[in-house]
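Undergrad: Coordinates in coords-v4.cif, mmCIF, C-alpha atoms, are listed below.
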data_run
#
loop_
_atom_site.label_atom_id
_atom_site.label_comp_id
_atom_site.auth_asym_id
_atom_site.auth_seq_id
_atom_site.Cartn_x
_atom_site.Cartn_y
_atom_site.Cartn_z
CA MET A 661 89.78 108.29 31.48
CA LEU A 662 92.99 106.44 32.14
CA VAL A 663 92.80 103.69 34.72
CA ASN A 664 95.73 103.43 37.06
CA TRP A 665 96.25 99.70 37.58
CA ASN A 666 98.84 100.20 40.31
CA THR A 667 96.38 102.03 42.55
CA ILE A 668 93.69 99.44 41.95
CA PHE A 669 96.08 96.63 42.75
CA VAL A 670 97.39 98.26 45.94
CA VAL A 671 93.88 99.08 47.15
CA GLN A 672 92.70 95.53 46.44
CA VAL A 673 95.63 94.09 48.38
CA LEU A 674 94.90 96.43 51.31
CA ILE A 675 91.20 95.56 51.25
CA TRP A 676 91.85 91.82 51.40
CA LEU A 677 94.47 92.31 54.11
CA ILE A 678 91.91 94.22 56.18
CA VAL A 679 89.28 91.51 55.63
CA LEU A 680 91.76 88.83 56.60
CA PHE A 681 92.82 90.75 59.68
CA GLU A 682 89.26 91.39 60.89
CA TRP A 683 87.93 87.94 59.89
CA LYS A 684 87.70 86.57 63.43
CA ARG A 685 85.88 89.61 64.75
CA LEU A 686 83.72 89.82 61.65
CA LYS A 687 82.42 86.25 61.88
CA ASN A 688 80.64 86.84 65.18
CA ALA A 689 79.64 90.44 64.49
CA PRO A 690 75.99 91.54 64.20
CA LYS A 691 74.52 92.28 60.80
CA ALA A 692 74.82 96.07 61.06
CA ASP A 693 78.56 95.79 61.68
CA LYS A 694 79.07 93.57 58.64
CA ILE A 695 77.06 95.82 56.33
CA THR A 696 78.93 98.98 57.40
CA PHE A 697 82.27 97.22 57.11
CA VAL A 698 81.56 95.96 53.60
CA THR A 699 80.04 99.26 52.44
CA ILE A 700 83.08 101.29 53.42
CA LEU A 701 85.41 98.81 51.69
CA ILE A 702 83.29 98.81 48.52
CA LEU A 703 83.32 102.63 48.54
CA SER A 704 87.11 102.67 48.72
CA ALA A 705 87.35 100.04 45.97
CA LEU A 706 85.08 102.19 43.80
CA LEU A 707 87.16 105.31 44.43
CA SER A 708 90.32 103.47 43.44
CA PHE A 709 89.01 103.02 39.89
CA PHE A 710 89.09 106.77 39.17
CA GLN A 711 91.91 109.18 38.66
CA LEU A 712 91.24 110.78 41.99
CA ASP A 713 93.43 113.86 41.57
CA ASN A 714 91.25 115.30 38.84
CA LEU A 715 87.90 113.70 39.60
CA PRO A 716 85.38 116.42 40.53
CA GLY A 717 84.40 115.87 44.14
CA PRO A 718 83.96 117.64 47.46
CA MET A 719 86.42 120.42 46.65
CA THR A 720 84.62 121.37 43.44
CA PHE A 721 81.31 121.28 45.27
CA LEU A 722 82.58 123.49 48.09
CA ASP A 723 84.13 125.83 45.58
CA TYR A 724 80.71 126.16 43.96
CA ILE A 725 79.03 127.00 47.29
CA PHE A 726 81.65 129.15 48.98
CA GLY A 727 83.30 130.54 45.85
CA PRO A 728 81.41 133.87 45.97
CA LEU A 729 82.33 134.29 49.66
CA GLY A 730 85.94 133.43 48.86
CA LYS A 731 86.15 136.55 46.72
CA ILE A 732 86.28 138.57 49.94
CA MET A 733 89.71 137.16 50.54
CA GLU A 734 91.18 138.45 47.30
CA MET B 794 77.95 102.88 75.66
CA LEU B 795 80.53 102.30 72.96
CA GLU B 796 83.47 103.97 74.64
CA LYS B 797 84.25 102.87 78.17
CA GLY B 798 87.48 104.79 78.60
CA LYS B 799 87.75 107.92 80.72
CA ILE B 800 90.36 110.65 80.43
CA SER B 801 91.33 113.60 82.59
CA THR B 802 91.03 117.26 81.62
CA LEU B 803 94.81 117.57 81.39
CA GLN B 804 94.94 114.71 78.91
CA MET B 805 92.18 116.42 76.96
CA GLU B 806 94.30 119.56 76.69
CA PHE B 807 97.24 117.49 75.51
CA MET B 808 95.01 115.92 72.86
CA ILE B 809 93.41 119.08 71.57
CA ILE B 810 96.51 121.30 71.30
CA PRO B 811 98.31 119.28 68.58
CA ALA B 812 94.91 118.58 67.02
CA ILE B 813 94.78 122.28 66.16
CA ILE B 814 98.33 123.44 65.58
CA ALA B 815 99.90 120.35 64.00
CA THR B 816 98.92 121.43 60.50
CA GLY B 817 98.31 125.03 61.50
CA VAL B 818 101.97 125.68 62.13
CA LEU B 819 102.80 124.33 58.67
CA SER B 820 100.63 126.55 56.55
CA ILE B 821 99.00 129.37 58.53
CA PRO B 822 101.95 131.80 58.73
CA SER B 823 102.43 132.06 54.99
CA ILE B 824 98.70 132.45 54.28
CA SER B 825 97.91 134.95 57.02
CA GLY B 826 101.09 136.85 56.22
CA LYS B 827 99.84 137.34 52.68
CA TYR B 828 97.01 139.52 54.02
CA ALA B 829 98.27 141.06 57.23
CA ARG B 830 101.94 141.51 56.21
CA HIS B 831 103.66 143.50 59.00
CA ASP B 832 100.78 142.90 61.37
CA MET B 833 100.67 139.14 60.98
CA TRP B 834 101.54 138.66 64.62
CA MET B 835 98.13 140.08 65.57
CA THR B 836 96.18 137.56 63.52
CA PRO B 837 96.23 134.65 66.02
CA ILE B 838 94.98 136.97 68.76
CA VAL B 839 92.01 138.12 66.70
CA GLY B 840 91.37 134.64 65.29
CA SER B 841 91.29 133.00 68.69
CA ILE B 842 88.02 134.76 69.51
CA ILE B 843 86.27 132.11 67.41
CA GLY B 844 88.09 129.47 69.43
CA PHE B 845 86.77 130.81 72.74
CA ILE B 846 83.25 131.16 71.34
CA THR B 847 83.30 127.60 69.99
CA VAL B 848 84.51 126.19 73.31
CA TYR B 849 81.72 128.05 75.12
CA ILE B 850 79.01 126.81 72.72
CA VAL B 851 80.29 123.26 72.96
CA TRP B 852 80.38 123.45 76.75
CA LYS B 853 76.80 124.75 76.94
CA LEU B 854 75.66 121.89 74.70
CA HIS B 855 77.56 119.46 76.88
CA GLN B 856 75.80 120.79 79.97
CA LEU B 857 72.43 120.25 78.34
CA PHE B 858 73.30 116.71 77.26
CA PRO B 859 76.05 115.30 79.45
CA LYS B 860 77.37 111.88 78.38
CA LEU B 861 76.13 112.35 74.79
CA THR B 862 78.18 113.21 71.72
CA PRO B 863 76.85 115.57 69.02
CA PHE B 864 75.91 112.57 66.89
CA GLN B 865 73.50 111.50 69.62
CA TYR B 866 72.14 114.83 70.80
CA SER B 867 71.56 116.18 67.30
CA GLU B 868 68.91 113.45 67.01
CA LYS B 869 67.31 114.64 70.23
CA ILE B 870 67.42 118.29 69.22
CA LEU B 871 66.50 118.13 65.55
CA GLY B 872 64.31 115.06 65.50
CA LYS B 873 65.18 111.63 64.22
CA VAL B 874 65.38 112.17 60.45
CA VAL B 875 66.99 115.61 60.32
CA GLY B 876 69.32 114.71 63.17
CA ARG B 877 70.53 111.62 61.36
CA ILE B 878 71.13 113.57 58.16
CA PHE B 879 73.06 116.14 60.18
CA SER B 880 75.16 113.38 61.80
CA LEU B 881 75.89 111.84 58.41
CA PHE B 882 76.96 115.23 57.14
CA LEU B 883 79.20 115.70 60.19
CA ILE B 884 80.82 112.31 59.60
CA PHE B 885 81.52 113.18 56.00
CA PHE B 886 82.83 116.58 57.10
CA PHE B 887 85.30 114.98 59.50
CA LEU B 888 86.36 112.35 56.96
CA HIS B 889 87.01 115.02 54.36
CA ASP B 890 88.78 117.20 56.91
CA THR B 891 91.02 114.29 57.92
CA GLY B 892 91.76 113.70 54.26
CA ILE B 893 92.91 117.31 53.93
CA VAL B 894 95.06 116.97 57.06
CA ILE B 895 96.73 113.83 55.74
CA ARG B 896 97.33 115.53 52.41
CA GLN B 897 98.91 118.58 54.06
CA TYR B 898 101.16 116.32 56.10
CA SER B 899 102.27 114.08 53.23
CA ASP B 900 102.83 117.08 50.94
CA PHE B 901 104.96 118.71 53.61
CA ILE B 902 107.14 115.63 54.03
CA THR B 903 107.56 114.98 50.32
CA SER B 904 108.39 118.58 49.49
CA ASN B 905 110.83 119.15 52.33
CA VAL B 906 112.35 116.00 53.70
CA MET B 907 112.06 112.97 51.44
CA ARG B 908 111.72 114.33 47.95
CA GLU B 909 112.00 111.06 46.01
CA THR B 910 109.52 108.97 47.99
CA PRO B 911 105.95 108.96 46.69
CA SER B 912 103.60 110.77 49.06
CA VAL B 913 101.28 107.77 49.33
CA VAL B 914 103.87 106.06 51.54
CA PHE B 915 103.51 108.80 54.14
CA SER B 916 99.73 108.96 53.97
CA ILE B 917 99.42 105.20 54.40
CA SER B 918 101.95 105.04 57.24
CA ILE B 919 100.41 107.90 59.25
CA THR B 920 96.87 106.56 58.86
CA PHE B 921 98.00 103.07 59.80
CA VAL B 922 99.68 104.25 63.01
CA SER B 923 96.67 106.43 63.86
CA ALA B 924 94.31 103.56 63.15
CA LEU B 925 96.19 101.41 65.64
CA ALA B 926 95.84 104.14 68.26
CA VAL B 927 92.14 104.60 67.52
CA ARG B 928 91.50 100.87 67.85
CA GLY B 929 92.87 101.11 71.37
CA GLY B 930 90.24 103.68 72.29
CA ILE B 931 90.30 107.20 73.66
CA GLU B 932 92.56 106.31 76.58
CA VAL B 933 95.31 105.10 74.28
CA ILE B 934 95.07 108.27 72.18
CA ALA B 935 95.16 110.38 75.35
CA ARG B 936 98.19 108.64 76.78
CA SER B 937 100.15 108.77 73.54
CA ALA B 938 99.09 112.41 73.22
CA VAL B 939 100.71 113.22 76.57
CA ILE B 940 104.05 111.86 75.36
CA CYS B 941 103.87 113.19 71.80
CA THR B 942 102.65 116.67 72.74
CA THR B 943 105.35 117.05 75.37
CA ILE B 944 108.00 116.29 72.76
CA PHE B 945 106.21 118.50 70.23
CA LEU B 946 106.18 121.48 72.60
CA CYS B 947 109.71 120.97 73.94
CA VAL B 948 111.15 120.86 70.44
CA SER B 949 109.33 124.09 69.58
CA LEU B 950 111.67 125.78 72.07
CA VAL B 951 114.42 125.33 69.44
CA LEU B 952 113.12 128.55 67.91
CA LEU B 953 114.55 130.44 70.88
CA LEU B 954 118.01 129.81 69.44
CA LEU B 955 117.07 132.32 66.77
CA ILE B 956 116.70 135.11 69.28
CA LYS B 957 119.99 136.76 68.27
CA ASP B 958 118.75 137.17 64.68
CA VAL B 959 115.47 138.78 65.67
CA GLU B 960 114.89 142.17 64.07
CA VAL B 961 112.02 143.82 65.95
CA SER B 962 111.87 146.74 63.53
CA TYR B 963 110.34 144.38 60.93
CA MET B 964 107.12 144.65 62.92
CA LEU B 965 106.84 148.34 62.13
CA PRO B 966 104.79 150.16 60.97
CA ILE B 967 101.97 148.79 63.08
CA LEU B 968 98.55 148.77 61.41
CA GLU B 969 99.84 150.35 58.23
CA ASP B 970 96.68 149.61 56.20
CA GLY B 971 94.16 149.65 59.02
CA LEU B 972 92.41 146.72 60.62
CA LEU B 973 90.93 145.05 57.53
CA PRO B 974 94.06 143.10 56.45
CA VAL B 975 94.44 141.85 60.02
CA MET B 976 90.83 140.69 59.97
CA LYS B 977 91.39 138.83 56.72
CA GLY B 978 94.48 137.16 58.13
CA ALA B 979 92.56 136.27 61.26
CA LEU B 980 89.86 134.66 59.14
CA VAL B 981 92.45 132.11 58.05
CA HIS B 982 93.13 131.31 61.70
CA THR B 983 89.47 130.92 62.54
CA ALA B 984 89.27 127.80 60.38
CA TRP B 985 91.75 126.14 62.73
CA PHE B 986 90.32 127.62 65.91
CA SER B 987 86.82 126.42 65.01
CA GLU B 988 88.20 122.89 65.24
CA PHE B 989 87.69 123.23 68.99
CA PHE B 990 84.32 121.72 68.11
CA LEU B 991 86.22 118.43 68.52
CA LEU B 992 85.96 119.01 72.26
CA ALA B 993 82.27 118.12 71.99
CA PHE B 994 83.30 114.55 71.24
CA ILE B 995 85.84 114.40 74.09
CA TYR B 996 83.80 116.07 76.87
CA PRO B 997 81.52 113.05 77.43
CA PHE B 998 84.53 110.90 78.31
CA ILE B 999 86.06 113.19 80.94
CA ASN B 1000 86.23 111.73 84.43
CA THR B 1001 85.85 114.96 86.41
CA ARG B 1002 82.65 116.83 85.77
CA GLY B 1003 82.46 120.61 85.70
CA LYS B 1004 86.05 121.41 84.81
CA GLY B 1005 85.73 121.09 81.05
CA LEU B 1006 85.01 124.74 80.28
CA LYS B 1007 88.07 126.02 82.11
CA SER B 1008 90.46 123.56 80.51
CA GLY B 1009 88.90 124.09 77.08
CA MET B 1010 89.45 127.82 77.39
CA LYS B 1011 92.98 127.18 78.62
CA ALA B 1012 93.67 124.98 75.59
CA SER B 1013 92.38 127.72 73.31
CA LEU B 1014 94.65 130.21 75.03
CA TYR B 1015 97.66 127.90 74.70
CA VAL B 1016 97.02 127.40 71.00
CA MET B 1017 96.77 131.16 70.56
CA LEU B 1018 100.04 131.73 72.44
CA LEU B 1019 101.84 129.03 70.46
CA LEU B 1020 100.69 130.44 67.13
CA LEU B 1021 101.67 133.91 68.33
CA TYR B 1022 105.11 132.58 69.22
CA PHE B 1023 105.60 131.03 65.77
CA HIS B 1024 104.24 134.10 64.00
CA LEU B 1025 106.49 136.48 65.94
CA PHE B 1026 109.59 134.54 64.99
CA VAL B 1027 108.55 134.16 61.35
CA LEU B 1028 107.80 137.88 61.08
CA THR B 1029 110.89 139.15 62.85
CA ILE B 1030 113.27 136.92 60.90
CA LEU B 1031 111.84 136.65 57.40
CA GLU B 1032 109.86 139.89 57.43
CA VAL B 1033 107.21 140.02 54.72
CA SER B 1034 109.10 137.61 52.49
CA ALA B 1035 107.64 134.86 54.70
CA VAL B 1036 104.66 134.82 52.37
CA ASN B 1037 106.84 133.49 49.56
CA GLN B 1038 107.53 130.32 51.51
CA LEU B 1039 105.01 127.51 51.73
CA TYR B 1040 106.34 126.46 55.13
CA PRO B 1041 107.97 129.55 56.70
CA VAL B 1042 108.46 128.04 60.16
CA HIS B 1043 110.42 125.20 58.63
CA SER B 1044 112.51 127.73 56.67
CA ILE B 1045 113.49 129.79 59.70
CA ILE B 1046 114.42 126.70 61.66
CA ARG B 1047 116.62 125.64 58.80
CA SER B 1048 118.55 128.88 59.21
CA ILE B 1049 119.48 128.16 62.83
CA SER B 1050 123.19 127.97 63.30
CA VAL B 1051 124.74 127.99 66.77
CA PHE B 1052 128.46 128.87 66.67
CA GLY B 1053 128.41 127.52 63.09
CA PHE B 1054 128.43 124.08 64.66
CA PHE B 1055 124.89 123.06 65.67
CA GLU B 1056 122.83 123.07 62.51
CA ASN B 1057 120.06 121.18 60.69
CA PHE B 1058 117.54 121.54 63.48
CA GLU B 1059 114.76 121.11 60.92
CA ILE B 1060 115.21 117.34 61.18
CA ILE B 1061 114.25 117.37 64.87
CA ILE B 1062 111.33 119.71 64.33
CA THR B 1063 110.04 117.68 61.40
CA ALA B 1064 110.16 114.55 63.55
CA SER B 1065 108.18 116.33 66.26
CA TRP B 1066 105.64 117.58 63.72
CA VAL B 1067 105.14 113.99 62.59
CA LEU B 1068 104.20 113.19 66.19
CA GLY B 1069 101.83 116.15 66.28
CA ASN B 1070 100.18 115.09 63.05
CA PHE B 1071 99.83 111.58 64.38
CA ILE B 1072 97.75 112.93 67.28
CA LYS B 1073 95.77 115.17 64.96
CA VAL B 1074 94.88 112.36 62.56
CA SER B 1075 94.10 110.02 65.47
CA VAL B 1076 91.65 112.46 67.07
CA PHE B 1077 89.90 113.19 63.77
CA LEU B 1078 89.74 109.52 62.80
CA TYR B 1079 88.44 108.65 66.25
CA VAL B 1080 85.64 111.19 65.96
CA ALA B 1081 84.60 110.05 62.47
CA ASN B 1082 84.76 106.44 63.55
CA LEU B 1083 82.74 106.99 66.71
CA GLY B 1084 80.19 108.84 64.62
CA ILE B 1085 79.74 105.93 62.25
CA ALA B 1086 79.46 103.47 65.13
CA GLN B 1087 76.87 105.61 66.93
CA LEU B 1088 74.87 106.50 63.84
CA PHE B 1089 74.51 102.96 62.51
CA GLY B 1090 74.23 101.36 65.92
CA LEU B 1091 77.29 99.15 65.68
CA SER B 1092 78.23 96.85 68.54
CA ASN B 1093 81.78 98.25 68.73
CA TYR B 1094 83.74 100.90 66.94
CA GLN B 1095 86.95 98.97 66.38
CA ILE B 1096 85.70 97.07 63.37
CA THR B 1097 85.36 100.05 61.04
CA VAL B 1098 88.71 101.66 61.86
CA PHE B 1099 90.82 100.02 59.16
CA PRO B 1100 88.26 100.30 56.33
CA LEU B 1101 87.81 103.98 57.24
CA SER B 1102 91.54 104.63 57.21
CA LEU B 1103 91.78 103.11 53.73
CA LEU B 1104 88.96 105.40 52.63
CA LEU B 1105 90.79 108.34 54.22
CA VAL B 1106 93.94 107.71 52.21
CA LEU B 1107 91.87 107.80 49.03
CA LEU B 1108 89.96 110.88 50.23
CA SER B 1109 93.24 112.69 50.80
CA TYR B 1110 93.83 112.60 47.04
CA TRP B 1111 90.29 113.20 45.86
CA ASP B 1112 89.92 116.46 43.96
CA ILE B 1113 93.19 117.95 45.21
CA PRO B 1114 95.41 118.11 42.13
CA ASN B 1115 98.43 119.74 43.79
CA ILE B 1116 99.65 121.77 46.75
CA VAL B 1117 98.72 125.07 45.08
CA GLY B 1118 95.10 123.98 44.80
CA LEU B 1119 95.21 122.92 48.43
CA VAL B 1120 96.56 126.28 49.61
CA ASP B 1121 93.89 128.00 47.53
CA PHE B 1122 91.27 125.94 49.33
CA LEU B 1123 92.78 126.72 52.73
CA THR B 1124 92.74 130.42 51.91
CA LYS B 1125 89.42 131.03 50.24
CA ILE B 1126 87.01 128.28 51.15
CA GLN B 1127 88.10 126.62 54.36
CA PRO B 1128 87.52 129.62 56.70
CA PHE B 1129 83.87 130.00 55.71
CA TYR B 1130 83.19 126.27 55.45
CA PHE B 1131 84.75 125.37 58.80
CA ILE B 1132 83.16 128.22 60.73
CA LEU B 1133 79.78 127.37 59.25
CA VAL B 1134 79.98 123.71 60.21
CA GLN B 1135 81.89 123.88 63.48
CA THR B 1136 80.72 127.12 65.05
CA VAL B 1137 77.47 128.25 63.43
CA PHE B 1138 75.75 124.85 63.28
CA PRO B 1139 76.48 124.08 66.96
CA LEU B 1140 75.17 127.56 67.80
CA PHE B 1141 71.92 126.74 66.00
CA LEU B 1142 71.76 123.42 67.81
CA LEU B 1143 72.18 125.25 71.12
CA ILE B 1144 69.49 127.81 70.32
CA ILE B 1145 67.02 125.11 69.25
CA ALA B 1146 67.81 123.04 72.33
CA PHE B 1147 67.23 126.03 74.61
CA ALA B 1148 63.99 126.89 72.83
CA ARG B 1149 62.73 123.32 73.18
CA ARG B 1150 63.62 123.23 76.85
CA LYS B 1151 61.84 126.54 77.48
CA ARG B 1152 58.73 125.29 75.72
CA SER B 1153 58.60 122.04 77.64
CA GLU B 1154 59.09 123.94 80.91
CA SER B 1155 56.28 126.39 80.20
CA ARG B 1156 53.83 123.58 79.58
#
Could you spell out this file's structure in structure tokens?

TA:
Amino acid sequence: MLVNWNTIFVVQVLIWLIVLFEWKRLKNAPKADKITFVTILILSALLSFFQLDNLPGPMTFLDYIFGPLGKIME
Amino acid sequence: MLEKGKISTLQMEFMIIPAIIATGVLSIPSISGKYARHDMWMTPIVGSIIGFITVYIVWKLHQLFPKLTPFQYSEKILGKVVGRIFSLFLIFFFLHDTGIVIRQYSDFITSNVMRETPSVVFSISITFVSALAVRGGIEVIARSAVICTTIFLCVSLVLLLLIKDVEVSYMLPILEDGLLPVMKGALVHTAWFSEFFLLAFIYPFINTRGKGLKSGMKASLYVMLLLLYFHLFVLTILEVSAVNQLYPVHSIIRSISVFGFFENFEIIITASWVLGNFIKVSVFLYVANLGIAQLFGLSNYQITVFPLSLLLVLLSYWDIPNIVGLVDFLTKIQPFYFILVQTVFPLFLLIIAFARRKRSESR
């Protein structure tokens, strides 16, 4: 799979901008806040490594579940 | 209590109306027209039934658990573990839904207005602006909604300039193929009308108690009337060929010409739709964000807004290769998926809550 370096770079820049922006608030935040904050950012960093357009995800899953029902609409 | 702001019922109506029609007006007419053809003007009327039902269910749940959002009362109704799983699912549902909304918006702008700019510019800008509003809390969203929705609705009056081109005979013959095509077209609408489930997250923050049901029903009625208004104009001007356009409302507004002098009204209407989408994305992002804060017991909900909006931009591209795939999803999968999550699940919650209350009373 081809890695798109532009996306990764932009997402990394955005992530560090967000961290920088929230730094003051983050320093005094409770543990739960910090963990959630970091988890969401790591998730987005992970997603940026894939070619998202064609990566099987929620749409494929929903198509699998509701596909038979969707035939009604044809 | 994470959210200290309070809003009025009128502000709630102003928030919820663009939260339904902002993307609805872009894509519903062409999809529902594909099924109902000459009768496409009936589809919002039939589809709105789901809207009224959803508002009623949400209101009943709110009466059972005032001051709690669905993320909190699902734990009380379903038990701790199942309730938490349900909340997590709801959060993911709203994140994914917001991703789809952002994608619809950015696709619309790149295919109609700014063709050379990459769509990621629009997705990032709209999420950034919405994130700023969400950080301010529900009051900020409500106040900006009052301004933006007023402009959104006033600009919609531009369609009245088309009244000289209206050909009422395009609506005939009425019910040519029976009721089934109308029902299928209405099913497309129900996906949008079921989004009235969002009211469940706004009701706890309303300052006057007891008026929520009436204003929720009113909002549903307004949405129905607005969609009817757009559908009537699309049908009477483009006839059945509306289904060949991805954005028929935009197309008919482009054809406005007053005395051959006032033209290009689509610029104004696009600007107003940007405002509408801003409110829509803000409300959805607010709900997802509040859910995460309440589920994981965070001290405030502001801290996760920006990380979530970054995730949303990525989600808006995930597994959606192009606009055709998106329209296919909106047509075949979204109606069933959205009704299941936003109308049927709350109905189950309500039934279980009533059953539990009955049992504890009889003891």

Undergrad: Considering only C-alpha atoms, return as a PyMOL selection string whatever protein or nucleic-acid residues lie within 8 Å of region 912-928 of chain B, sequence-local ones (same chain, fewer than 5 positions apart) excluded.

TA: chain B and resi 895-896+898-900+902-903+933-934+1071-1072+1074-1076+1078-1079+1094-1095+1098-1099+1102-1103+1105-1106

Undergrad: Just C-alpha atoms for this one: save the residues we selected as a tab-separated table (two decimals), keeping the file's coordinate frame.

TA:
chain	number	residue	atom	x	y	z
B	895	ILE	CA	96.73	113.83	55.74
B	896	ARG	CA	97.33	115.53	52.41
B	898	TYR	CA	101.16	116.32	56.10
B	899	SER	CA	102.27	114.08	53.23
B	900	ASP	CA	102.83	117.08	50.94
B	902	ILE	CA	107.14	115.63	54.03
B	903	THR	CA	107.56	114.98	50.32
B	933	VAL	CA	95.31	105.10	74.28
B	934	ILE	CA	95.07	108.27	72.18
B	1071	PHE	CA	99.83	111.58	64.38
B	1072	ILE	CA	97.75	112.93	67.28
B	1074	VAL	CA	94.88	112.36	62.56
B	1075	SER	CA	94.10	110.02	65.47
B	1076	VAL	CA	91.65	112.46	67.07
B	1078	LEU	CA	89.74	109.52	62.80
B	1079	TYR	CA	88.44	108.65	66.25
B	1094	TYR	CA	83.74	100.90	66.94
B	1095	GLN	CA	86.95	98.97	66.38
B	1098	VAL	CA	88.71	101.66	61.86
B	1099	PHE	CA	90.82	100.02	59.16
B	1102	SER	CA	91.54	104.63	57.21
B	1103	LEU	CA	91.78	103.11	53.73
B	1105	LEU	CA	90.79	108.34	54.22
B	1106	VAL	CA	93.94	107.71	52.21

Undergrad: Please report as number ranges by chain which residues of chain A come no farther than 9 Å from chain B, using all atoms listed in the file.

TA: A: 671, 674-675, 678-679, 682, 685-686, 689-694, 696-698, 700-701, 703-705, 707-708, 711-720, 722-723, 725-727, 729-734

Undergrad: Any chance you can output those residues with C-alpha atoms as an mmCIF file, in the frame of the given file?

TA:
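Generated output (out21.cif):
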data_model
loop_
_atom_site.group_PDB
_atom_site.id
_atom_site.type_symbol
_atom_site.label_atom_id
_atom_site.label_comp_id
_atom_site.auth_asym_id
_atom_site.auth_seq_id
_atom_site.Cartn_x
_atom_site.Cartn_y
_atom_site.Cartn_z
ATOM 1 C CA VAL A 671 93.880 99.080 47.150
ATOM 2 C CA LEU A 674 94.900 96.430 51.310
ATOM 3 C CA ILE A 675 91.200 95.560 51.250
ATOM 4 C CA ILE A 678 91.910 94.220 56.180
ATOM 5 C CA VAL A 679 89.280 91.510 55.630
ATOM 6 C CA GLU A 682 89.260 91.390 60.890
ATOM 7 C CA ARG A 685 85.880 89.610 64.750
ATOM 8 C CA LEU A 686 83.720 89.820 61.650
ATOM 9 C CA ALA A 689 79.640 90.440 64.490
ATOM 10 C CA PRO A 690 75.990 91.540 64.200
ATOM 11 C CA LYS A 691 74.520 92.280 60.800
ATOM 12 C CA ALA A 692 74.820 96.070 61.060
ATOM 13 C CA ASP A 693 78.560 95.790 61.680
ATOM 14 C CA LYS A 694 79.070 93.570 58.640
ATOM 15 C CA THR A 696 78.930 98.980 57.400
ATOM 16 C CA PHE A 697 82.270 97.220 57.110
ATOM 17 C CA VAL A 698 81.560 95.960 53.600
ATOM 18 C CA ILE A 700 83.080 101.290 53.420
ATOM 19 C CA LEU A 701 85.410 98.810 51.690
ATOM 20 C CA LEU A 703 83.320 102.630 48.540
ATOM 21 C CA SER A 704 87.110 102.670 48.720
ATOM 22 C CA ALA A 705 87.350 100.040 45.970
ATOM 23 C CA LEU A 707 87.160 105.310 44.430
ATOM 24 C CA SER A 708 90.320 103.470 43.440
ATOM 25 C CA GLN A 711 91.910 109.180 38.660
ATOM 26 C CA LEU A 712 91.240 110.780 41.990
ATOM 27 C CA ASP A 713 93.430 113.860 41.570
ATOM 28 C CA ASN A 714 91.250 115.300 38.840
ATOM 29 C CA LEU A 715 87.900 113.700 39.600
ATOM 30 C CA PRO A 716 85.380 116.420 40.530
ATOM 31 C CA GLY A 717 84.400 115.870 44.140
ATOM 32 C CA PRO A 718 83.960 117.640 47.460
ATOM 33 C CA MET A 719 86.420 120.420 46.650
ATOM 34 C CA THR A 720 84.620 121.370 43.440
ATOM 35 C CA LEU A 722 82.580 123.490 48.090
ATOM 36 C CA ASP A 723 84.130 125.830 45.580
ATOM 37 C CA ILE A 725 79.030 127.000 47.290
ATOM 38 C CA PHE A 726 81.650 129.150 48.980
ATOM 39 C CA GLY A 727 83.300 130.540 45.850
ATOM 40 C CA LEU A 729 82.330 134.290 49.660
ATOM 41 C CA GLY A 730 85.940 133.430 48.860
ATOM 42 C CA LYS A 731 86.150 136.550 46.720
ATOM 43 C CA ILE A 732 86.280 138.570 49.940
ATOM 44 C CA MET A 733 89.710 137.160 50.540
ATOM 45 C CA GLU A 734 91.180 138.450 47.300
#

Undergrad: Contacts of Phe709 (chain A) at 12 Å or less, counting only C-alpha atoms, minus same-chain residues fewer than 6 places along, as number ranges by chain?

TA: A: 661-672, 702-703, 715; B: 1107, 1111

Undergrad: Save out the residues we just selected, C-alpha atoms, as a tab-separated table (two decimals), keeping the file's coordinate frame.

TA:
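Writing done, so here's selection.tsv:
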chain	number	residue	atom	x	y	z
A	661	MET	CA	89.78	108.29	31.48
A	662	LEU	CA	92.99	106.44	32.14
A	663	VAL	CA	92.80	103.69	34.72
A	664	ASN	CA	95.73	103.43	37.06
A	665	TRP	CA	96.25	99.70	37.58
A	666	ASN	CA	98.84	100.20	40.31
A	667	THR	CA	96.38	102.03	42.55
A	668	ILE	CA	93.69	99.44	41.95
A	669	PHE	CA	96.08	96.63	42.75
A	670	VAL	CA	97.39	98.26	45.94
A	671	VAL	CA	93.88	99.08	47.15
A	672	GLN	CA	92.70	95.53	46.44
A	702	ILE	CA	83.29	98.81	48.52
A	703	LEU	CA	83.32	102.63	48.54
A	715	LEU	CA	87.90	113.70	39.60
B	1107	LEU	CA	91.87	107.80	49.03
B	1111	TRP	CA	90.29	113.20	45.86

Undergrad: May I ask for the distance between CA of Gly840 (chain B) and CA of Phe986 (chain B), given in Å to one decimal place?

TA: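 So the answer is 7.1 Å.
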
Undergrad: Near His855 (chain B), counting all atoms listed in the file, which residues have an atom at most 12 Å away, once you skip same-chain residues fewer than 2 positions from it, shown as number ranges by chain?

TA: B: 848-853, 857-863, 865-867, 990, 992-999, 1002-1006, 1139, 1142-1143, 1146

Undergrad: As an exercise, work out the distance from CA of Cys947 (chain B) to CA of Phe1023 (chain B) in Å and give it to one decimal place.

TA: 13.6 Å

Undergrad: Suppose you want the space between CA of Ser1013 (chain B) and CA of Ala984 (chain B); what is it in Å?

TA: 13.3 Å

Undergrad: Axis-aligned box over every listed atom of region 687-694 of chain A, padded by 6 Å per side: centre and edges in Å to one decimal, as JSON?

TA:
{"center_x": 78.5, "center_y": 91.2, "center_z": 61.9, "size_x": 19.9, "size_y": 21.8, "size_z": 18.5}
